[in-house]
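This is model-v5.cif. It holds mmCIF, C-alpha atoms.
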```
data_target
#
loop_
_atom_site.label_atom_id
_atom_site.label_comp_id
_atom_site.auth_asym_id
_atom_site.auth_seq_id
_atom_site.Cartn_x
_atom_site.Cartn_y
_atom_site.Cartn_z
CA MET A 139 2.08 16.01 -55.74
CA GLY A 140 1.48 19.46 -54.30
CA LEU A 141 3.11 20.91 -51.22
CA PHE A 142 -0.04 20.31 -49.17
CA ASP A 143 -0.11 16.66 -50.26
CA LEU A 144 3.55 16.26 -49.27
CA PHE A 145 2.93 17.51 -45.72
CA LYS A 146 -0.25 15.48 -45.50
CA GLY A 147 1.69 12.34 -46.43
CA LYS A 148 4.35 13.07 -43.78
CA SER A 149 1.61 13.60 -41.22
CA LYS A 150 0.16 10.20 -42.00
CA ASP A 151 3.58 8.56 -41.75
CA ASN A 152 4.14 10.16 -38.34
CA ASP A 153 0.75 8.98 -37.12
CA ALA A 154 1.49 5.44 -38.25
CA SER A 155 4.98 5.23 -36.79
CA GLY A 156 4.71 7.45 -33.71
CA GLY A 157 1.44 6.57 -32.04
CA GLY A 158 3.12 6.14 -28.67
CA GLU A 159 4.77 9.54 -28.94
CA LYS A 160 1.46 11.11 -29.94
CA LYS A 161 -0.18 9.67 -26.84
CA SER A 162 2.66 10.89 -24.68
CA ASN A 163 2.38 14.41 -26.10
CA ALA A 164 -1.37 14.34 -25.56
CA ALA A 165 -0.87 13.48 -21.87
CA ALA A 166 1.79 16.17 -21.49
CA LYS A 167 -0.65 18.76 -22.82
CA TRP A 168 -3.00 18.19 -19.86
CA ALA A 169 -0.57 17.10 -17.13
CA GLU A 170 0.27 20.54 -15.77
CA ALA A 171 -3.34 21.63 -15.22
CA CYS A 172 -4.27 18.27 -13.69
CA GLY A 173 -1.45 18.42 -11.16
CA SER A 174 -1.77 22.08 -10.22
CA LYS A 175 -3.56 23.20 -7.08
CA ARG A 176 -3.51 26.76 -8.42
CA ALA A 177 -5.20 25.93 -11.71
CA GLN A 178 -8.78 27.05 -12.24
CA ALA A 179 -11.18 24.29 -11.25
CA TYR A 180 -12.72 24.04 -14.72
CA ASP A 181 -9.25 23.83 -16.32
CA ARG A 182 -8.20 21.11 -13.93
CA GLN A 183 -11.42 19.17 -14.41
CA GLU A 184 -11.14 19.41 -18.19
CA ALA A 185 -7.57 18.11 -17.94
CA ILE A 186 -8.66 15.17 -15.80
CA ALA A 187 -11.44 14.31 -18.26
CA GLU A 188 -9.09 14.45 -21.26
CA LEU A 189 -6.41 12.39 -19.53
CA CYS A 190 -8.99 9.75 -18.61
CA LYS A 191 -9.85 9.36 -22.29
CA LEU A 192 -6.25 8.49 -23.22
CA LYS A 193 -6.00 5.33 -21.10
CA SER A 194 -2.20 5.37 -21.27
CA ALA A 195 0.64 5.03 -18.77
CA ASP A 196 1.57 8.69 -19.33
CA ALA A 197 -1.99 9.75 -18.59
CA VAL A 198 -2.02 7.66 -15.41
CA GLU A 199 1.22 9.29 -14.28
CA ALA A 200 -0.39 12.69 -14.73
CA LEU A 201 -3.66 11.70 -13.06
CA LEU A 202 -1.82 10.40 -9.99
CA LYS A 203 -0.50 13.90 -9.32
CA ARG A 204 -4.06 14.95 -8.50
CA PHE A 205 -3.74 12.91 -5.29
CA THR A 206 -0.82 14.98 -4.01
CA PHE A 207 -2.85 18.01 -2.89
CA ILE A 208 -6.18 19.05 -1.40
CA ILE A 209 -8.43 21.90 -2.53
CA ASP A 210 -11.51 23.63 -1.15
CA PRO A 211 -14.36 22.96 -1.16
CA SER A 212 -13.87 19.36 -0.07
CA ILE A 213 -16.73 18.12 -2.26
CA THR A 214 -14.95 19.38 -5.38
CA ASP A 215 -11.69 17.86 -4.18
CA GLN A 216 -13.35 14.48 -3.78
CA GLU A 217 -15.17 14.67 -7.12
CA GLU A 218 -11.93 15.40 -8.96
CA LYS A 219 -10.11 12.57 -7.20
CA ASP A 220 -12.97 10.16 -7.89
CA ALA A 221 -12.85 11.06 -11.58
CA ALA A 222 -9.06 10.62 -11.68
CA LEU A 223 -9.29 7.27 -9.91
CA GLU A 224 -11.97 6.05 -12.30
CA GLY A 225 -9.78 6.97 -15.26
CA ILE A 226 -6.74 5.22 -13.81
CA VAL A 227 -8.67 2.02 -13.09
CA ALA A 228 -10.20 2.08 -16.58
CA THR A 229 -6.66 2.08 -18.02
CA GLY A 230 -6.21 -1.47 -16.74
CA ARG A 231 -2.88 -3.19 -16.33
CA GLU A 232 -1.02 -0.43 -18.16
CA ALA A 233 -1.59 1.64 -15.02
CA ILE A 234 0.49 -0.65 -12.80
CA GLU A 235 3.96 0.65 -13.67
CA PRO A 236 3.19 4.35 -13.07
CA VAL A 237 1.27 3.42 -9.91
CA ARG A 238 4.29 1.45 -8.73
CA ALA A 239 6.59 4.41 -9.38
CA PHE A 240 4.19 6.79 -7.63
CA ALA A 241 3.90 4.51 -4.58
CA ALA A 242 7.70 4.43 -4.20
CA LYS A 243 7.76 8.18 -3.48
CA ALA A 244 4.26 8.97 -2.19
CA GLU A 245 3.46 10.22 1.30
CA SER A 246 0.44 7.91 1.28
CA VAL A 247 -0.12 4.67 -0.63
CA ALA A 248 -3.81 4.33 0.19
CA VAL A 249 -4.82 5.22 -3.36
CA PRO A 250 -2.16 3.04 -5.05
CA ILE A 251 -3.26 0.08 -2.91
CA ARG A 252 -6.88 0.70 -3.89
CA ILE A 253 -5.87 0.80 -7.55
CA LEU A 254 -4.01 -2.50 -7.22
CA LYS A 255 -7.11 -4.14 -5.83
CA GLU A 256 -9.24 -2.74 -8.66
CA VAL A 257 -6.88 -3.46 -11.55
CA LEU A 258 -5.29 -6.80 -10.66
CA ASP A 259 -7.54 -9.84 -10.87
CA GLU A 260 -5.41 -12.33 -8.97
CA GLU A 261 -4.93 -12.03 -5.21
CA ASP A 262 -1.43 -13.47 -5.60
CA GLU A 263 -0.48 -10.53 -7.82
CA ILE A 264 -1.82 -7.97 -5.34
CA ILE A 265 0.07 -9.60 -2.48
CA GLY A 266 3.22 -9.85 -4.59
CA GLU A 267 3.09 -6.12 -5.32
CA LEU A 268 2.50 -5.23 -1.66
CA ILE A 269 5.40 -7.42 -0.54
CA ALA A 270 7.65 -5.79 -3.16
CA TRP A 271 6.64 -2.34 -1.88
CA LEU A 272 7.26 -3.39 1.71
CA SER A 273 10.73 -4.68 0.81
CA LYS A 274 11.81 -1.08 0.11
CA TRP A 275 11.40 -0.28 3.81
CA ASP A 276 13.64 -1.20 6.73
CA THR A 277 12.98 -1.39 10.45
CA GLU A 278 15.02 1.65 11.47
CA TYR A 279 13.78 5.04 12.58
CA ALA A 280 12.22 7.21 9.89
CA LYS A 281 10.43 10.51 10.36
CA PHE A 282 7.56 9.55 8.07
CA ILE A 283 6.37 5.95 7.91
CA ASP A 284 2.73 6.17 6.83
CA PRO A 285 3.30 4.18 3.61
CA LYS A 286 4.99 1.37 5.53
CA LEU A 287 2.09 1.23 7.98
CA GLN A 288 -0.44 1.22 5.14
CA ILE A 289 1.31 -1.65 3.38
CA LEU A 290 1.55 -3.72 6.57
CA ASP A 291 -2.11 -2.96 7.22
CA ALA A 292 -3.07 -4.10 3.72
CA LEU A 293 -1.09 -7.34 4.04
CA GLY A 294 -2.96 -8.02 7.27
CA ASP A 295 -6.12 -8.44 5.20
CA TYR A 296 -4.78 -11.54 3.42
CA GLU A 297 -3.70 -15.08 4.16
CA HIS A 298 -0.82 -16.16 1.94
CA GLU A 299 2.24 -18.33 2.35
CA ASP A 300 4.63 -15.48 1.49
CA ILE A 301 3.31 -12.90 3.95
CA ARG A 302 4.66 -14.27 7.23
CA GLU A 303 8.26 -14.19 6.08
CA ALA A 304 7.85 -10.75 4.46
CA VAL A 305 6.50 -9.07 7.60
CA GLU A 306 8.60 -10.93 10.19
CA PRO A 307 11.47 -8.38 10.22
CA PHE A 308 8.98 -5.68 11.20
CA LEU A 309 8.19 -7.47 14.45
CA GLN A 310 11.42 -5.78 15.57
CA ASP A 311 10.69 -2.39 14.01
CA VAL A 312 11.67 0.62 16.09
CA ASN A 313 8.17 2.07 15.65
CA ASP A 314 5.36 0.73 17.85
CA PRO A 315 2.64 1.06 15.18
CA ALA A 316 4.73 -0.90 12.68
CA ARG A 317 5.35 -3.68 15.20
CA PHE A 318 1.66 -3.86 16.05
CA LYS A 319 0.62 -4.12 12.39
CA ALA A 320 3.33 -6.70 11.77
CA VAL A 321 1.94 -8.78 14.66
CA VAL A 322 -1.59 -8.51 13.23
CA ALA A 323 -0.43 -9.57 9.76
CA THR A 324 1.64 -12.42 11.20
CA LEU A 325 -1.20 -13.82 13.29
CA LYS A 326 -3.54 -13.59 10.30
CA GLN A 327 -1.43 -16.24 8.55
CA LYS A 328 -2.12 -18.84 11.27
CA ASP A 329 1.31 -20.28 10.55
CA ALA A 330 2.89 -22.08 13.50
CA ALA A 331 6.32 -21.13 12.14
CA ALA A 332 5.59 -17.70 13.64
CA VAL A 333 5.54 -19.02 17.23
CA GLU A 334 9.23 -18.44 17.94
CA PRO A 335 9.54 -14.95 16.40
CA LEU A 336 6.33 -13.86 18.12
CA LEU A 337 7.55 -15.14 21.49
CA ARG A 338 10.83 -13.26 21.04
CA THR A 339 8.82 -10.12 20.31
CA LEU A 340 6.59 -10.75 23.33
CA VAL A 341 9.47 -11.13 25.77
CA ASP A 342 11.29 -8.01 24.50
CA GLU A 343 8.22 -5.86 23.90
CA GLU A 344 7.54 -2.73 25.98
CA SER A 345 4.10 -1.97 24.56
CA VAL A 346 1.27 -3.51 26.58
CA ARG A 347 -1.01 -3.30 23.53
CA ILE A 348 1.37 -5.37 21.43
CA ARG A 349 1.92 -7.93 24.20
CA ALA A 350 -1.85 -8.26 24.59
CA LYS A 351 -2.30 -8.71 20.84
CA ILE A 352 0.25 -11.52 20.77
CA ALA A 353 -1.37 -13.14 23.81
CA ASP A 354 -4.80 -12.91 22.16
CA GLY A 355 -3.40 -14.54 19.04
CA PHE A 356 -1.83 -17.43 20.94
CA ALA A 357 -5.07 -17.98 22.86
CA GLU A 358 -7.23 -17.88 19.74
CA LEU A 359 -4.97 -20.13 17.67
CA GLY A 360 -4.27 -22.58 20.50
CA TRP A 361 -0.50 -22.28 20.10
CA GLU A 362 1.55 -23.71 22.95
CA VAL A 363 4.36 -21.85 24.62
CA PRO A 364 7.37 -24.21 24.82
CA GLU A 365 8.08 -25.36 28.37
CA ASP A 366 11.48 -23.71 28.58
CA GLN A 367 9.95 -20.31 27.73
CA ARG A 368 6.83 -20.34 29.93
CA ASP A 369 8.34 -18.60 32.94
CA ALA A 370 9.73 -15.80 30.80
CA VAL A 371 6.37 -15.40 29.03
CA ARG A 372 4.42 -15.35 32.31
CA LYS A 373 6.57 -12.46 33.52
CA VAL A 374 5.71 -10.24 30.57
CA LEU A 375 2.08 -11.14 29.92
CA PRO A 376 -0.45 -8.40 30.73
CA PRO A 377 -2.29 -9.12 34.02
CA ALA A 378 -5.41 -10.38 32.26
CA TYR A 379 -3.55 -13.32 30.67
CA THR A 380 -2.04 -16.52 31.96
CA VAL A 381 -0.15 -19.56 30.73
CA ASP A 382 -1.41 -22.89 32.05
CA GLY A 383 0.58 -26.05 32.79
CA SER A 384 0.31 -27.27 29.21
CA GLY A 385 1.63 -24.02 27.77
CA LEU A 386 -1.69 -22.65 26.50
CA VAL A 387 -2.38 -18.94 26.85
CA SER A 388 -5.80 -17.84 28.09
CA LYS A 389 -7.51 -14.69 29.25
CA ARG A 390 -8.83 -14.57 32.78
CA GLY A 391 -12.53 -13.97 33.30
#
```

Mind turning this structure into structure tokens?
Amino acid sequence: MGLFDLFKGKSKDNDASGGGEKKSNAAAKWAEACGSKRAQAYDRQEAIAELCKLKSADAVEALLKRFTFIIDPSITDQEEKDAALEGIVATGREAIEPVRAFAAKAESVAVPIRILKEVLDEEDEIIGELIAWLSKWDTEYAKFIDPKLQILDALGDYEHEDIREAVEPFLQDVNDPARFKAVVATLKQKDAAAVEPLLRTLVDEESVRIRAKIADGFAELGWEVPEDQRDAVRKVLPPAYTVDGSGLVSKRG
């Protein structure tokens, strides 16, 4: 066996035993250009195209970085992001773990949520992921809460037995938008177990918009306000709403 044959044999052995490493190295080759705002457009676009071909978790991790910046012109920015998104979705379930890791640190989870909906077939799985992401948040003050709001918003699109309990703590969030979205998601479940926590929120709530949303929900769902709470509820209802003698909420006119 000649020297060339020896190296050739080693190369084959490495390919057979280190396919995962080879894929990882291939993604690393293109990751920097894909995630760089300062890269030349054609270099970045080539990197996106090559990463999309790999269909690996490492490639998805690199492609997700394209969603962390904006370039001019906006049409090019959107075309690159569309291409990256298409490649991530085409990767299938292998994309979920890097998407999950990205969502945990991202300033926006709009794209990760969209990917979940594209990649996961079962609604239960999508909801389970969203609830897991929401569980990382608390109800205290935070300077930047867009991801929390986006997750609450997304959960408000579904009816599922696990959602009411998951969003209930956020009825007492310090941020008005979070409380509002928690109310929307709670009412969407049409679960009478939410009557008491919603009434507590209503009585304590300062936001007229949130009080009106709760009142609308009670009126639409035909939920009764318990007799011992009707006076307190009447005091805080917006002027357009009333509670009748049987405890039903309605809107005047």

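Distances to Gln183 of chain A were evaluated for A:Leu340, A:Ala248, A:Ile213, A:Ala221 using all atoms listed in the file, and the minimum falls at A:Ala221.
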
Could you tell me how far atom CA of Ser194 of chain A sits from atom CA of Asp181 of chain A, in Å to one decimal place?
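Going from atom CA of Asp181 of chain A over to atom CA of Ser194 of chain A covers 20.4 Å.
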
Contact residues around segment 284-299 of chain A with all atoms listed in the file at 9 Å, ignoring same-chain residues under 2 positions, as a PyMOL selection string
chain A and resi 241-242+244-248+251+261-262+265+268-269+271-272+275+282+301-303+305+308+315-316+319-329

Would you export the selected residues with C-alpha atoms as a PDB file, keeping the file's coordinate frame, please?
```pdb
ATOM      1  CA  ALA A 241       3.900   4.510  -4.580  1.00  0.00           C
ATOM      2  CA  ALA A 242       7.700   4.430  -4.200  1.00  0.00           C
ATOM      3  CA  ALA A 244       4.260   8.970  -2.190  1.00  0.00           C
ATOM      4  CA  GLU A 245       3.460  10.220   1.300  1.00  0.00           C
ATOM      5  CA  SER A 246       0.440   7.910   1.280  1.00  0.00           C
ATOM      6  CA  VAL A 247      -0.120   4.670  -0.630  1.00  0.00           C
ATOM      7  CA  ALA A 248      -3.810   4.330   0.190  1.00  0.00           C
ATOM      8  CA  ILE A 251      -3.260   0.080  -2.910  1.00  0.00           C
ATOM      9  CA  GLU A 261      -4.930 -12.030  -5.210  1.00  0.00           C
ATOM     10  CA  ASP A 262      -1.430 -13.470  -5.600  1.00  0.00           C
ATOM     11  CA  ILE A 265       0.070  -9.600  -2.480  1.00  0.00           C
ATOM     12  CA  LEU A 268       2.500  -5.230  -1.660  1.00  0.00           C
ATOM     13  CA  ILE A 269       5.400  -7.420  -0.540  1.00  0.00           C
ATOM     14  CA  TRP A 271       6.640  -2.340  -1.880  1.00  0.00           C
ATOM     15  CA  LEU A 272       7.260  -3.390   1.710  1.00  0.00           C
ATOM     16  CA  TRP A 275      11.400  -0.280   3.810  1.00  0.00           C
ATOM     17  CA  PHE A 282       7.560   9.550   8.070  1.00  0.00           C
ATOM     18  CA  ILE A 301       3.310 -12.900   3.950  1.00  0.00           C
ATOM     19  CA  ARG A 302       4.660 -14.270   7.230  1.00  0.00           C
ATOM     20  CA  GLU A 303       8.260 -14.190   6.080  1.00  0.00           C
ATOM     21  CA  VAL A 305       6.500  -9.070   7.600  1.00  0.00           C
ATOM     22  CA  PHE A 308       8.980  -5.680  11.200  1.00  0.00           C
ATOM     23  CA  PRO A 315       2.640   1.060  15.180  1.00  0.00           C
ATOM     24  CA  ALA A 316       4.730  -0.900  12.680  1.00  0.00           C
ATOM     25  CA  LYS A 319       0.620  -4.120  12.390  1.00  0.00           C
ATOM     26  CA  ALA A 320       3.330  -6.700  11.770  1.00  0.00           C
ATOM     27  CA  VAL A 321       1.940  -8.780  14.660  1.00  0.00           C
ATOM     28  CA  VAL A 322      -1.590  -8.510  13.230  1.00  0.00           C
ATOM     29  CA  ALA A 323      -0.430  -9.570   9.760  1.00  0.00           C
ATOM     30  CA  THR A 324       1.640 -12.420  11.200  1.00  0.00           C
ATOM     31  CA  LEU A 325      -1.200 -13.820  13.290  1.00  0.00           C
ATOM     32  CA  LYS A 326      -3.540 -13.590  10.300  1.00  0.00           C
ATOM     33  CA  GLN A 327      -1.430 -16.240   8.550  1.00  0.00           C
ATOM     34  CA  LYS A 328      -2.120 -18.840  11.270  1.00  0.00           C
ATOM     35  CA  ASP A 329       1.310 -20.280  10.550  1.00  0.00           C
TER      36      ASP A 329
END
```

Evaluate the PyMOL selection byres ((chain A and resi 370) around 12) here and jot the selected residues down as a list of chain:residue names.
A:Leu337, A:Arg338, A:Thr339, A:Leu340, A:Val341, A:Asp342, A:Val363, A:Pro364, A:Glu365, A:Asp366, A:Gln367, A:Arg368, A:Asp369, A:Val371, A:Arg372, A:Lys373, A:Val374, A:Leu375, A:Thr380, A:Val381, A:Gly385

Within 12 Å of Val227 of chain A, counting all atoms listed in the file, which residues show up once you throw out same-chain ones fewer than 3 positions away? Write them as a count of residues only, please.
30

Given the PyMOL selection byres ((chain A and resi 208) around 12) and the file above, list the residues it selects as a list in words.
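For this structure, the PyMOL selection byres ((chain A and resi 208) around 12) resolves to Gly173, Ser174, Lys175, Arg176, Lys203, Arg204, Phe205, Thr206, Phe207, Ile209, Asp210, Pro211, Ser212, Ile213, Thr214, Asp215, Gln216, Glu217, Glu218 and Lys219 of chain A.
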
Distance of atom CA of Ala332 of chain A from atom CA of Arg390 of chain A, expressed in Å to one decimal place:
24.2 Å

Ile348 of chain A: which residues within 9 Å, counting all atoms listed in the file, same-chain residues fewer than 2 positions away excluded, as a PDB file with C-alpha atoms, in the coordinates of the input?
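Now in part06.pdb:
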```pdb
ATOM      1  CA  ASP A 314       5.360   0.730  17.850  1.00  0.00           C
ATOM      2  CA  ARG A 317       5.350  -3.680  15.200  1.00  0.00           C
ATOM      3  CA  PHE A 318       1.660  -3.860  16.050  1.00  0.00           C
ATOM      4  CA  VAL A 321       1.940  -8.780  14.660  1.00  0.00           C
ATOM      5  CA  THR A 339       8.820 -10.120  20.310  1.00  0.00           C
ATOM      6  CA  LEU A 340       6.590 -10.750  23.330  1.00  0.00           C
ATOM      7  CA  GLU A 343       8.220  -5.860  23.900  1.00  0.00           C
ATOM      8  CA  GLU A 344       7.540  -2.730  25.980  1.00  0.00           C
ATOM      9  CA  SER A 345       4.100  -1.970  24.560  1.00  0.00           C
ATOM     10  CA  VAL A 346       1.270  -3.510  26.580  1.00  0.00           C
ATOM     11  CA  ALA A 350      -1.850  -8.260  24.590  1.00  0.00           C
ATOM     12  CA  LYS A 351      -2.300  -8.710  20.840  1.00  0.00           C
ATOM     13  CA  ILE A 352       0.250 -11.520  20.770  1.00  0.00           C
ATOM     14  CA  ALA A 353      -1.370 -13.140  23.810  1.00  0.00           C
TER      15      ALA A 353
END
```

Could you work out how far atom CA of Val387 of chain A lies from atom CA of Ala331 of chain A, giving the answer in Å with one decimal?
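Taking atom CA of Ala331 of chain A as the start and atom CA of Val387 of chain A as the end point, the length is 17.2 Å.
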
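If all atoms listed in the file are the atoms counted, then among A:Val312, A:Leu386, A:Ala185, A:Leu192 the closest residue to Ala357 of chain A is A:Leu386.
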
Of the candidates A:Arg182, A:Cys172, A:Asp259, A:Ala164, which one gets nearest to Asp196 of chain A if we count all atoms listed in the file?
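Ranked by minimum distance to Asp196 of chain A, first place goes to A:Ala164.
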